[in-house]
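What follows is the content of coords_9.cif (mmCIF, C-alpha atoms).
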```
data_input
loop_
_atom_site.label_atom_id
_atom_site.label_comp_id
_atom_site.auth_asym_id
_atom_site.auth_seq_id
_atom_site.Cartn_x
_atom_site.Cartn_y
_atom_site.Cartn_z
CA MET A 454 119.48 88.77 77.46
CA ALA A 455 117.36 90.30 80.21
CA LYS A 456 118.42 89.60 83.79
CA GLU A 457 116.47 86.79 85.40
CA LEU A 458 115.24 86.27 88.93
CA ILE A 459 115.44 82.75 90.32
CA PHE A 460 112.59 81.54 92.52
CA LYS A 461 112.76 78.44 94.73
CA LEU A 462 109.42 76.85 95.49
CA SER A 463 108.83 73.37 96.94
CA GLY A 464 112.36 72.26 96.04
CA ALA A 465 112.22 73.37 92.40
CA GLU A 466 113.90 76.40 90.81
CA TYR A 467 112.24 78.66 88.27
CA ASN A 468 113.83 81.46 86.24
CA ALA A 469 111.95 84.52 84.99
CA ALA A 470 112.97 87.93 83.70
CA PRO A 471 110.83 90.68 85.23
CA VAL A 472 109.31 93.17 82.77
CA LYS A 473 108.07 96.39 84.32
CA VAL A 474 104.35 96.96 83.81
CA GLU A 475 103.43 100.49 82.79
CA ARG A 476 100.19 102.06 81.65
CA LYS A 477 101.69 103.22 78.39
CA LYS A 478 102.54 99.63 77.40
CA ILE A 479 98.88 98.64 77.79
CA TYR A 480 96.85 101.70 76.87
CA GLY A 481 99.28 103.96 75.03
CA TRP A 482 100.15 107.50 76.03
CA THR A 483 99.54 111.18 75.37
CA ASP A 484 102.13 113.79 74.50
CA THR A 485 101.23 117.44 75.01
CA VAL A 486 102.55 119.61 72.19
CA ALA A 487 102.77 123.41 72.37
CA THR A 488 102.67 125.55 69.22
CA ASP A 489 103.27 129.28 68.98
CA LYS A 490 101.22 131.85 67.04
CA ASN A 491 103.01 130.87 63.81
CA GLY A 492 102.14 127.21 64.31
CA ASP A 493 105.75 126.29 65.10
CA VAL A 494 106.27 123.56 67.69
CA CYS A 495 107.77 124.89 70.92
CA GLY A 496 110.14 123.16 73.26
CA SER A 497 109.90 123.25 77.02
CA ALA A 498 112.36 125.05 79.26
CA TYR A 499 112.71 126.69 82.66
CA LEU A 500 112.95 130.39 83.37
CA SER A 501 114.81 131.72 86.41
CA PRO A 502 112.79 133.86 88.86
CA ASP A 503 114.51 137.05 87.65
CA ASP A 504 113.65 136.10 84.01
CA ALA A 505 117.36 136.37 83.18
CA LEU A 506 118.20 132.75 82.41
CA ILE A 507 116.45 130.19 80.22
CA ILE A 508 117.43 126.62 81.00
CA PRO A 509 116.55 124.04 78.34
CA SER A 510 114.77 120.82 79.14
CA GLY A 511 117.46 118.48 80.47
CA GLY A 512 119.61 121.42 81.51
CA LEU A 513 119.21 120.77 85.24
CA LYS A 514 120.98 118.21 87.36
CA GLN A 515 120.24 117.09 90.89
CA ALA A 516 123.46 117.62 92.79
CA VAL A 517 124.48 116.30 96.19
CA VAL A 518 126.44 118.88 98.15
CA ASN A 519 127.73 119.26 101.67
CA GLU A 520 126.74 122.00 104.11
CA GLU A 521 129.29 124.32 102.50
CA GLY A 522 127.75 123.75 99.08
CA ARG A 523 130.65 121.62 97.80
CA TRP A 524 129.94 118.69 95.45
CA ILE A 525 129.96 115.23 97.04
CA GLU A 526 130.19 111.94 95.20
CA LYS A 527 127.28 109.64 96.09
CA SER A 528 129.76 106.84 96.80
CA GLU A 529 131.07 108.89 99.75
CA LEU A 530 127.66 108.99 101.44
CA ILE A 531 126.20 106.73 104.10
CA ALA A 532 122.43 106.13 104.21
CA TYR A 533 120.67 106.58 107.56
CA ASP A 534 117.04 106.13 108.55
CA GLU A 535 114.68 109.09 108.34
CA GLU A 536 115.63 110.30 111.83
CA GLY A 537 119.26 110.26 110.77
CA SER A 538 120.29 108.09 113.72
CA LYS A 539 120.62 104.52 112.43
CA VAL A 540 122.71 103.37 109.48
CA LEU A 541 120.55 101.50 106.97
CA PRO A 542 121.73 98.02 106.04
CA THR A 543 122.96 97.49 102.50
CA LEU A 544 121.20 94.54 100.95
CA PRO A 545 122.13 92.53 97.86
CA SER A 546 120.06 92.73 94.70
CA SER A 547 117.34 90.09 94.40
CA PHE A 548 119.03 89.04 91.16
CA ASP A 549 122.14 87.95 93.10
CA ALA A 550 120.67 84.86 94.80
CA PRO A 551 117.57 82.64 94.49
CA ILE A 552 114.42 83.93 96.16
CA GLU A 553 112.88 81.38 98.50
CA LEU A 554 109.08 81.37 98.30
CA LYS A 555 108.21 80.20 101.80
CA ILE A 556 105.72 82.74 103.17
CA LYS A 557 102.13 82.75 102.01
CA ALA A 558 100.20 86.02 102.37
CA THR A 559 96.50 86.71 102.76
CA ALA A 560 94.47 88.83 100.36
CA GLU A 561 94.40 91.65 102.94
CA GLU A 562 98.16 91.56 103.44
CA PHE A 563 98.61 91.82 99.68
CA LEU A 564 96.05 94.56 99.15
CA ASP A 565 97.35 96.77 101.98
CA ASN A 566 100.42 98.06 100.19
CA ASP A 567 101.44 101.17 98.34
CA TRP A 568 103.03 99.80 95.17
CA GLU A 569 106.29 101.17 93.90
CA SER A 570 106.60 98.85 90.89
CA VAL A 571 104.81 95.96 89.26
CA TYR A 572 106.55 93.47 86.99
CA GLN A 573 105.25 90.72 84.76
CA LEU A 574 107.02 87.34 84.94
CA VAL A 575 106.65 84.85 82.11
CA ASN A 576 107.25 81.26 83.23
CA PRO A 577 104.23 78.95 82.89
CA ASP A 578 105.76 76.36 85.23
CA LEU A 579 106.24 78.96 87.97
CA ALA A 580 102.69 80.24 87.41
CA THR A 581 101.36 76.70 87.82
CA ALA A 582 103.43 76.15 90.95
CA VAL A 583 102.17 79.43 92.48
CA GLY A 584 98.55 78.61 91.66
CA ASP A 585 96.05 80.68 93.65
CA ASP A 586 98.49 81.31 96.50
CA ILE A 587 100.13 84.67 97.17
CA TYR A 588 103.81 84.50 98.13
CA LYS A 589 105.56 87.27 100.06
CA PHE A 590 109.31 87.96 100.09
CA ASP A 591 111.87 90.75 100.43
CA PHE A 592 112.78 92.39 97.14
CA SER A 593 115.41 94.82 95.98
CA TYR A 594 115.85 95.39 92.26
CA ARG A 595 119.28 97.03 92.41
CA GLY A 596 120.38 96.18 95.91
CA GLY A 597 121.51 98.83 98.35
CA THR A 598 119.39 100.41 101.04
CA ASN A 599 116.13 100.44 99.08
CA HIS A 600 114.08 97.28 99.40
CA ASN A 601 110.39 96.45 99.41
CA ASP A 602 107.91 93.84 100.44
CA ALA A 603 107.12 91.88 97.31
CA TYR A 604 104.28 89.56 96.39
CA LEU A 605 103.96 86.99 93.63
CA VAL A 606 100.38 86.78 92.37
CA ASN A 607 98.84 84.75 89.57
CA THR A 608 96.13 86.52 87.57
CA PRO A 609 94.15 85.83 84.39
CA GLY A 610 96.54 88.33 82.74
CA GLY A 611 99.65 86.41 83.81
CA LEU A 612 102.02 86.15 86.76
CA PHE A 613 102.95 89.44 88.42
CA LEU A 614 105.48 90.57 90.99
CA PHE A 615 104.26 93.52 93.07
CA ALA A 616 106.86 95.52 95.02
CA GLY A 617 105.79 98.10 97.57
CA ASP A 618 105.50 99.15 101.19
CA LYS A 619 102.92 98.24 103.79
CA GLN A 620 100.02 100.66 104.22
CA GLU A 621 97.96 100.51 107.41
CA PHE A 622 94.15 100.61 107.45
CA PRO A 623 93.22 100.41 111.15
CA LEU A 624 89.74 99.38 112.21
CA VAL A 625 88.05 102.37 113.84
CA SER A 626 85.30 102.61 116.45
CA LEU A 627 82.54 105.17 117.02
CA ALA A 628 84.79 107.14 119.38
CA GLU A 629 87.48 107.54 116.72
CA GLU A 630 85.71 110.19 114.68
CA THR A 631 87.88 112.44 112.62
CA THR A 632 87.64 115.95 111.19
CA ILE A 633 87.67 117.31 107.68
CA ASP A 634 90.17 119.91 106.64
CA ASP A 635 89.77 121.23 103.16
CA THR A 636 93.35 121.27 102.02
CA GLU A 637 93.58 120.49 98.34
CA GLU A 638 95.68 117.47 97.54
CA PRO A 639 98.65 118.40 95.37
CA VAL A 640 98.60 116.95 91.89
CA GLU A 641 101.42 114.45 91.79
CA GLU A 642 101.48 113.50 88.17
CA GLU A 643 100.67 114.51 84.64
CA ILE A 644 97.23 113.80 83.31
CA ASP A 645 97.42 110.79 81.07
CA GLU A 646 95.19 108.98 78.67
CA LEU A 647 92.69 106.55 80.12
CA ASP A 648 91.11 103.68 78.33
CA PHE A 649 87.56 103.70 79.58
CA SER A 650 86.88 100.45 77.75
CA MET A 651 88.57 98.75 80.70
CA PHE A 652 85.12 98.25 82.21
CA MET B 549 91.56 114.41 106.27
CA ARG B 550 89.77 115.59 103.14
CA LYS B 551 86.08 115.68 102.35
CA ILE B 552 84.31 113.13 100.19
CA ASN B 553 80.61 113.03 99.37
CA LEU B 554 79.46 109.42 99.28
CA SER B 555 76.09 107.74 98.79
CA ASN B 556 75.03 104.28 99.91
CA ASP B 557 72.84 101.56 98.41
CA THR B 558 69.64 103.42 99.39
CA LYS B 559 70.95 106.63 97.74
CA ARG B 560 71.40 108.39 101.09
CA ASP B 561 74.50 110.53 100.96
CA ALA B 562 76.82 112.09 103.51
CA GLU B 563 79.99 114.12 103.62
CA VAL B 564 82.67 112.07 105.32
CA ALA B 565 86.45 112.16 105.57
CA PHE B 566 89.15 110.29 103.71
CA GLY B 567 92.90 110.24 103.84
CA THR B 568 96.01 108.24 104.42
CA THR B 569 98.81 108.25 106.92
CA PHE B 570 101.05 106.34 104.51
CA HIS B 571 104.48 107.80 104.09
CA ARG B 572 107.33 106.13 102.23
CA PRO B 573 110.45 106.68 104.35
CA THR B 574 113.27 108.52 102.63
CA PRO B 575 116.82 107.88 103.81
CA VAL B 576 119.00 110.68 105.12
CA TYR B 577 122.47 110.70 103.56
CA LYS B 578 125.50 111.80 105.56
CA THR B 579 129.19 112.08 104.89
CA SER B 580 131.68 109.91 106.80
CA ASP B 581 132.14 112.72 109.36
CA GLY B 582 128.41 112.64 110.12
CA LYS B 583 127.41 115.81 108.27
CA LYS B 584 124.15 115.82 106.33
CA SER B 585 124.21 116.12 102.56
CA VAL B 586 121.79 118.35 100.69
CA ASN B 587 120.12 117.76 97.32
CA GLU B 588 120.12 120.85 95.13
CA ARG B 589 119.14 121.58 91.57
CA ARG B 590 122.08 122.94 89.63
CA VAL B 591 122.41 124.22 86.06
CA ARG B 592 124.29 121.97 83.69
CA ALA B 593 123.23 123.48 80.35
CA THR B 594 121.84 126.75 79.06
CA MET B 595 120.35 127.83 75.74
CA LYS B 596 123.90 128.73 74.61
CA THR B 597 124.99 125.11 74.94
CA THR B 598 122.14 123.18 73.34
CA ASP B 599 122.97 121.03 70.31
CA GLU B 600 121.09 123.49 68.08
CA ALA B 601 122.95 126.51 69.46
CA LEU B 602 126.36 124.84 69.12
CA LEU B 603 125.63 123.70 65.56
CA ALA B 604 124.44 127.18 64.65
CA GLN B 605 127.62 128.69 66.08
CA TYR B 606 130.23 126.21 64.84
CA GLY B 607 128.56 124.37 61.97
CA GLU B 608 130.91 121.77 60.45
CA GLY B 609 133.63 122.86 62.84
CA LEU B 610 131.77 121.73 65.95
CA ALA B 611 133.81 118.52 66.39
CA ASP B 612 137.07 120.46 66.23
CA ALA B 613 135.71 123.06 68.66
CA LEU B 614 134.75 120.30 71.13
CA ILE B 615 138.26 118.81 70.92
CA ALA B 616 139.97 122.17 71.26
CA GLY B 617 137.88 123.55 74.12
CA ASP B 618 134.67 123.25 76.13
CA PRO B 619 132.03 125.11 74.12
CA GLU B 620 129.38 122.75 75.52
CA VAL B 621 129.92 124.21 79.00
CA ASP B 622 128.49 127.63 79.88
CA MET B 623 131.26 128.64 82.26
CA GLU B 624 129.26 131.52 83.76
CA GLN B 625 126.19 129.48 84.63
CA PHE B 626 127.33 125.86 84.97
CA GLY B 627 126.77 124.55 88.50
CA LEU B 628 124.62 127.53 89.51
CA LYS B 629 122.10 126.68 92.25
CA VAL B 630 118.61 127.45 91.00
CA GLU B 631 115.29 127.66 92.84
CA GLY B 632 111.81 128.97 92.06
CA LEU B 633 112.00 128.12 88.36
CA LYS B 634 109.01 128.70 86.12
CA LYS B 635 108.15 126.24 83.38
CA VAL B 636 107.94 127.97 79.98
CA PHE B 637 107.82 127.09 76.31
CA VAL B 638 110.48 128.28 73.89
CA THR B 639 110.17 128.97 70.16
CA PRO B 640 112.47 127.34 67.59
CA ALA B 641 114.47 130.60 67.83
CA GLN B 642 114.97 129.74 71.53
CA LYS B 643 112.96 132.72 72.84
CA VAL B 644 110.20 132.42 75.43
CA ALA B 645 106.93 131.71 73.60
CA TYR B 646 103.74 133.57 74.55
CA GLY B 647 100.14 132.64 73.78
CA VAL B 648 100.93 129.02 72.96
CA THR B 649 98.26 126.52 71.97
CA LEU B 650 98.43 123.14 73.66
CA SER B 651 97.28 120.00 71.89
CA GLU B 652 97.39 116.38 72.89
CA HIS B 653 98.82 113.74 70.58
CA VAL B 654 97.34 110.41 71.57
CA PHE B 655 99.38 107.29 70.82
CA LEU B 656 98.34 103.66 70.95
CA ALA B 657 100.46 101.17 72.88
CA ASP B 658 102.17 100.12 69.61
CA GLY B 659 103.33 103.70 69.05
CA THR B 660 100.93 104.69 66.26
CA GLU B 661 99.29 108.09 66.59
CA LYS B 662 95.56 107.73 67.18
CA GLU B 663 94.42 111.34 67.26
CA VAL B 664 95.33 114.94 67.91
CA ARG B 665 92.94 116.86 70.14
CA PRO B 666 92.84 120.08 72.16
CA GLU B 667 94.38 119.83 75.63
CA GLN B 668 91.95 118.28 78.10
CA THR B 669 91.78 119.21 81.75
CA THR B 670 90.18 117.42 84.67
CA SER B 671 88.24 118.74 87.66
CA ALA B 672 87.93 117.18 91.08
CA ASN B 673 84.56 115.41 91.46
CA ILE B 674 84.70 113.69 94.84
CA ALA B 675 83.09 116.34 97.02
CA LEU B 676 80.60 118.17 94.81
CA ASP B 677 77.42 119.52 96.42
CA GLY B 678 74.41 117.50 95.28
CA LEU B 679 76.57 115.06 93.32
CA PRO B 680 77.69 112.37 95.72
CA LEU B 681 79.78 109.49 94.48
CA ARG B 682 77.42 106.71 93.61
CA TRP B 683 77.35 103.21 95.08
CA THR B 684 76.85 101.62 91.65
CA GLY B 685 75.70 98.21 92.84
CA LYS B 686 78.46 96.56 90.76
CA LEU B 687 80.11 94.16 93.17
CA ILE B 688 83.31 92.36 92.24
CA PRO B 689 84.55 89.55 94.49
CA ARG B 690 87.66 90.77 96.31
CA GLN B 691 89.76 87.84 95.14
CA LYS B 692 88.81 88.66 91.55
CA ALA B 693 89.31 92.43 91.83
CA MET B 694 92.80 92.11 93.31
CA ARG B 695 93.79 89.88 90.38
CA MET B 696 92.20 92.22 87.81
CA PHE B 697 93.49 95.66 88.75
CA MET B 698 96.63 97.32 89.99
CA PHE B 699 95.40 99.54 92.83
CA LYS B 700 97.64 102.57 92.61
CA LYS B 701 96.34 104.45 95.64
CA SER B 702 94.23 103.54 98.64
CA TYR B 703 92.58 105.80 101.20
CA GLN B 704 90.76 105.16 104.46
CA VAL B 705 87.23 106.58 104.59
CA GLN B 706 86.24 107.61 108.12
CA HIS B 707 83.24 109.02 110.00
CA VAL B 708 83.07 112.59 111.29
CA ASN B 709 80.19 112.07 113.78
CA GLY B 710 77.83 109.41 115.13
CA LEU B 711 75.48 109.50 112.16
CA THR B 712 78.23 109.01 109.63
CA TYR B 713 79.68 106.21 111.79
CA ASP B 714 76.46 104.24 111.27
CA PHE B 715 76.45 105.16 107.58
CA LEU B 716 80.00 103.94 106.93
CA PHE B 717 79.87 100.97 109.32
CA ASP B 718 76.84 99.68 107.40
CA MET B 719 78.68 100.02 104.07
CA ALA B 720 81.78 98.29 105.41
CA LYS B 721 79.70 95.44 106.86
CA LYS B 722 77.81 94.85 103.60
CA LEU B 723 81.10 94.68 101.69
CA ALA B 724 82.82 92.51 104.29
CA ASP B 725 79.88 90.08 104.36
CA ALA B 726 79.95 89.86 100.56
CA ASP B 727 83.77 89.60 100.54
CA ALA B 728 83.56 91.94 97.56
CA MET B 729 84.48 95.41 96.37
CA MET B 730 81.89 97.93 95.18
CA LEU B 731 82.51 100.11 92.12
CA VAL B 732 81.81 103.77 92.90
CA GLY B 733 81.48 106.47 90.28
CA GLY B 734 81.15 110.22 89.98
CA GLY B 735 79.20 112.71 87.88
CA GLN B 736 75.46 113.03 87.18
CA LYS B 737 75.04 109.39 86.22
CA GLY B 738 77.50 108.11 88.79
CA ILE B 739 79.56 106.27 86.19
CA GLU B 740 82.47 108.66 85.70
CA PRO B 741 85.93 107.93 87.07
CA LEU B 742 87.01 109.75 90.21
CA VAL B 743 89.30 112.78 90.05
CA MET B 744 90.72 113.50 93.48
CA ALA B 745 92.13 116.98 92.72
CA ASN B 746 91.82 119.55 89.94
CA GLY B 747 94.16 118.54 87.12
CA GLY B 748 94.54 115.06 88.61
CA THR B 749 94.41 111.66 86.99
CA PRO B 750 90.99 110.00 86.60
CA TYR B 751 90.73 106.69 88.43
CA ARG B 752 88.19 103.93 88.64
CA ALA B 753 87.37 103.46 92.31
CA PHE B 754 86.23 100.62 94.53
CA LEU B 755 85.17 100.46 98.15
CA GLU B 756 86.37 97.59 100.33
CA GLY B 757 85.01 96.97 103.82
CA ARG B 758 86.25 95.23 106.96
CA VAL B 759 84.43 94.79 110.25
CA ASP B 760 85.42 93.46 113.67
CA GLY B 761 82.80 93.87 116.40
CA ASP B 762 81.81 97.54 116.42
CA LYS B 763 84.95 98.60 114.54
CA TYR B 764 85.19 98.99 110.80
CA ALA B 765 87.58 99.98 108.04
CA LEU B 766 86.23 101.32 104.77
CA ILE B 767 88.91 101.58 102.12
CA LEU B 768 88.68 103.48 98.84
CA ARG B 769 90.94 101.84 96.27
CA LEU B 770 91.87 103.62 93.03
CA THR B 771 93.04 102.04 89.81
CA ASN B 772 93.82 103.16 86.30
CA MET B 773 95.41 99.93 85.10
CA GLU B 774 94.28 96.39 84.54
CA LEU B 775 96.66 93.50 85.09
CA LYS B 776 97.17 92.56 81.45
CA SER B 777 100.02 90.75 79.78
CA ILE B 778 102.49 93.12 78.13
CA GLU B 779 104.58 90.38 76.52
#
```
Before anything else, please render the file you have as structure tokens.
Amino acid sequence: MAKELIFKLSGAEYNAAPVKVERKKIYGWTDTVATDKNGDVCGSAYLSPDDALIIPSGGLKQAVVNEEGRWIEKSELIAYDEEGSKVLPTLPSSFDAPIELKIKATAEEFLDNDWESVYQLVNPDLATAVGDDIYKFDFSYRGGTNHNDAYLVNTPGGLFLFAGDKQEFPLVSLAEETTIDDTEEPVEEEIDELDFSMF
Amino acid sequence: MRKINLSNDTKRDAEVAFGTTFHRPTPVYKTSDGKKSVNERRVRATMKTTDEALLAQYGEGLADALIAGDPEVDMEQFGLKVEGLKKVFVTPAQKVAYGVTLSEHVFLADGTEKEVRPEQTTSANIALDGLPLRWTGKLIPRQKAMRMFMFKKSYQVQHVNGLTYDFLFDMAKKLADADAMMLVGGGQKGIEPLVMANGGTPYRAFLEGRVDGDKYALILRLTNMELKSIE
């Protein structure tokens, strides 16, 4: 059985198992297939800069090493903030204890986030209790140092939990003009299939 | 900030700037003695140790070979630090393939294959000369839009001089007064999704505006996913 989150709202408890929302589950997906001159399907691999070594797909591993290049177990490491000066607190997983829904957020607060994950929650009673309100809470799927601001939002498509980080959009005046630099934005992801029937 | 060519409701267009200062903090990991750790890509398998290569070498005797020794480990290369790798395709004979043809296999959400088509590429369309992004006139109430779409990325659109301040302030005010988001589109007809960079993902885009006195915020929100039930 899928793990369930427990929400406490107005004295009542509601259980719901979060299901991650992904494009491919709604619109499908596209696989790119390479074929050689004989029509045979090719696999993907990596070639070393000196062309001497072919590494198959899945043949690389991200390793954590010390300054001398020796392997370190992740359990031996301590997480610090980005400046490397303050130890980050280790938080429990949101599955470990009920989540109190006490803080209501505005539409702007909700919109001004960069989302890391979105989950669907199926519990009609919870959806009814949430209504048109937006609830904000701390969320950590696995626990540890990584946690997000999360929002519970009811939509015509169901009840969704959005987890992300605050993004600032400051109001600017005439004096705060900016300049354009023409650096091309790096492409962060593979091109995927779009369902243009969405509009 | 980057350039974007935007038109307003009276089809006047201007080149303005857009960007974001958002940055998701990444923790620094240290050992107990305070030394920083480093993430490196290391080799864990080579073409000699793939399932196919091991089966070809040992055949039925592979299980015995795995018990007796470590044929799945390439002792010369395992753990090697690698940088500057090039992505290549390999033939079934495990040689680098040249002159490959790329095709796209399109699958529906239920896993059935819908079509096979030649590889498709995308070109950036947000700052083309003579083809500004169009203010389509399709307004969606903000409360409705935020419950319809998952906005994957958001950028602040900002003026680069006094004229473009008036241009963008007016847009932001109209949207703030309507408490709505405006669909913007690219291409000749102004209905195409936005592609922010060559090879990038196409997104539907909306403008949201906020105003306080003589200050404004105009936000470009991008989405490629509706909030639909997946259960």
Counting all atoms listed in the file, note down every residue that has an atom within 9 Å of the point (98.6, 121.7, 70.9) (file coordinates), as a PDB file with C-alpha atoms, in the coordinates of the input.
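The new file selection-v4.pdb reads:
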```pdb
ATOM      1  CA  THR A 485     101.230 117.440  75.010  1.00  0.00           C
ATOM      2  CA  VAL A 486     102.550 119.610  72.190  1.00  0.00           C
ATOM      3  CA  ALA A 487     102.770 123.410  72.370  1.00  0.00           C
ATOM      4  CA  THR A 488     102.670 125.550  69.220  1.00  0.00           C
ATOM      5  CA  VAL A 494     106.270 123.560  67.690  1.00  0.00           C
TER       6      VAL A 494
ATOM      7  CA  VAL B 648     100.930 129.020  72.960  1.00  0.00           C
ATOM      8  CA  THR B 649      98.260 126.520  71.970  1.00  0.00           C
ATOM      9  CA  LEU B 650      98.430 123.140  73.660  1.00  0.00           C
ATOM     10  CA  SER B 651      97.280 120.000  71.890  1.00  0.00           C
ATOM     11  CA  GLU B 652      97.390 116.380  72.890  1.00  0.00           C
ATOM     12  CA  HIS B 653      98.820 113.740  70.580  1.00  0.00           C
ATOM     13  CA  VAL B 664      95.330 114.940  67.910  1.00  0.00           C
ATOM     14  CA  ARG B 665      92.940 116.860  70.140  1.00  0.00           C
ATOM     15  CA  PRO B 666      92.840 120.080  72.160  1.00  0.00           C
ATOM     16  CA  GLU B 667      94.380 119.830  75.630  1.00  0.00           C
TER      17      GLU B 667
END
```
Counting only C-alpha atoms, which of A:Asp602, A:Glu553, A:Asp503, A:Glu630 gets nearest to chain B?
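Closest residue, counting only C-alpha atoms: A:Glu630.
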Residue with smallest distance to chain B - pool A:Ala550, A:Val540, A:Ala603, A:Ile531, counting only C-alpha atoms
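Nearest to chain B: A:Ile531.
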Quick one: distance from atom CA of A:Ser538 to atom CA of A:Asp591 in Å, one decimal?
23.4 Å
Looking at all atoms listed in the file, which of B:Thr712, B:Ser555, B:Gln668, B:Thr639 is the one that sits closest to chain A?
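Between B:Thr712, B:Ser555, B:Gln668, B:Thr639, the residue approaching chain A most closely is B:Thr639.
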Evaluated on this file, the PyMOL selection byres ((chain B and resi 672) around 7) picks out some residues - which ones are they, written as an MDAnalysis selection string?
chainID B and resid 670:671 673:674 743:746
Tell me which protein, DNA and RNA residues are within 7 Å of B:Ala724, counting all atoms listed in the file, leaving out same-chain ones fewer than 5 positions away, and put them as a VMD selection string.
chain B and resid 757 to 759
Specify as a PyMOL selection string each residue included when the PyMOL selection byres ((chain B and resi 715) around 12) is applied to this file.
(chain A and resi 627) or (chain B and resi 554-564+705-714+716-722+764+766)
Between atom CA of A:Ala516 and atom CA of B:Val630, what is the distance, to one decimal in Å?
11.1 Å
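You can rank B:Pro741, B:Leu775, B:Ile615, B:Met730 by their closest distance to chain A using only C-alpha atoms, and at the top of that list sits B:Leu775.
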If you count all atoms listed in the file, which residues fall within 12 Å of B:Gly582, apart from same-chain ones fewer than 6 positions away, as a list in words?
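So, after excluding close chain neighbours, the residues are Asn519, Glu520, Glu529, Leu530, Ile531, Ala532, Tyr533, Gly537, Ser538, Lys539 and Val540 of chain A; Val576 of chain B.
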Since I can't run it myself right now, could you work out what the PyMOL selection byres ((chain A and resi 480-483) around 6) selects here and report it as a PyMOL selection string?
(chain A and resi 476-479+484+646) or (chain B and resi 653-657)
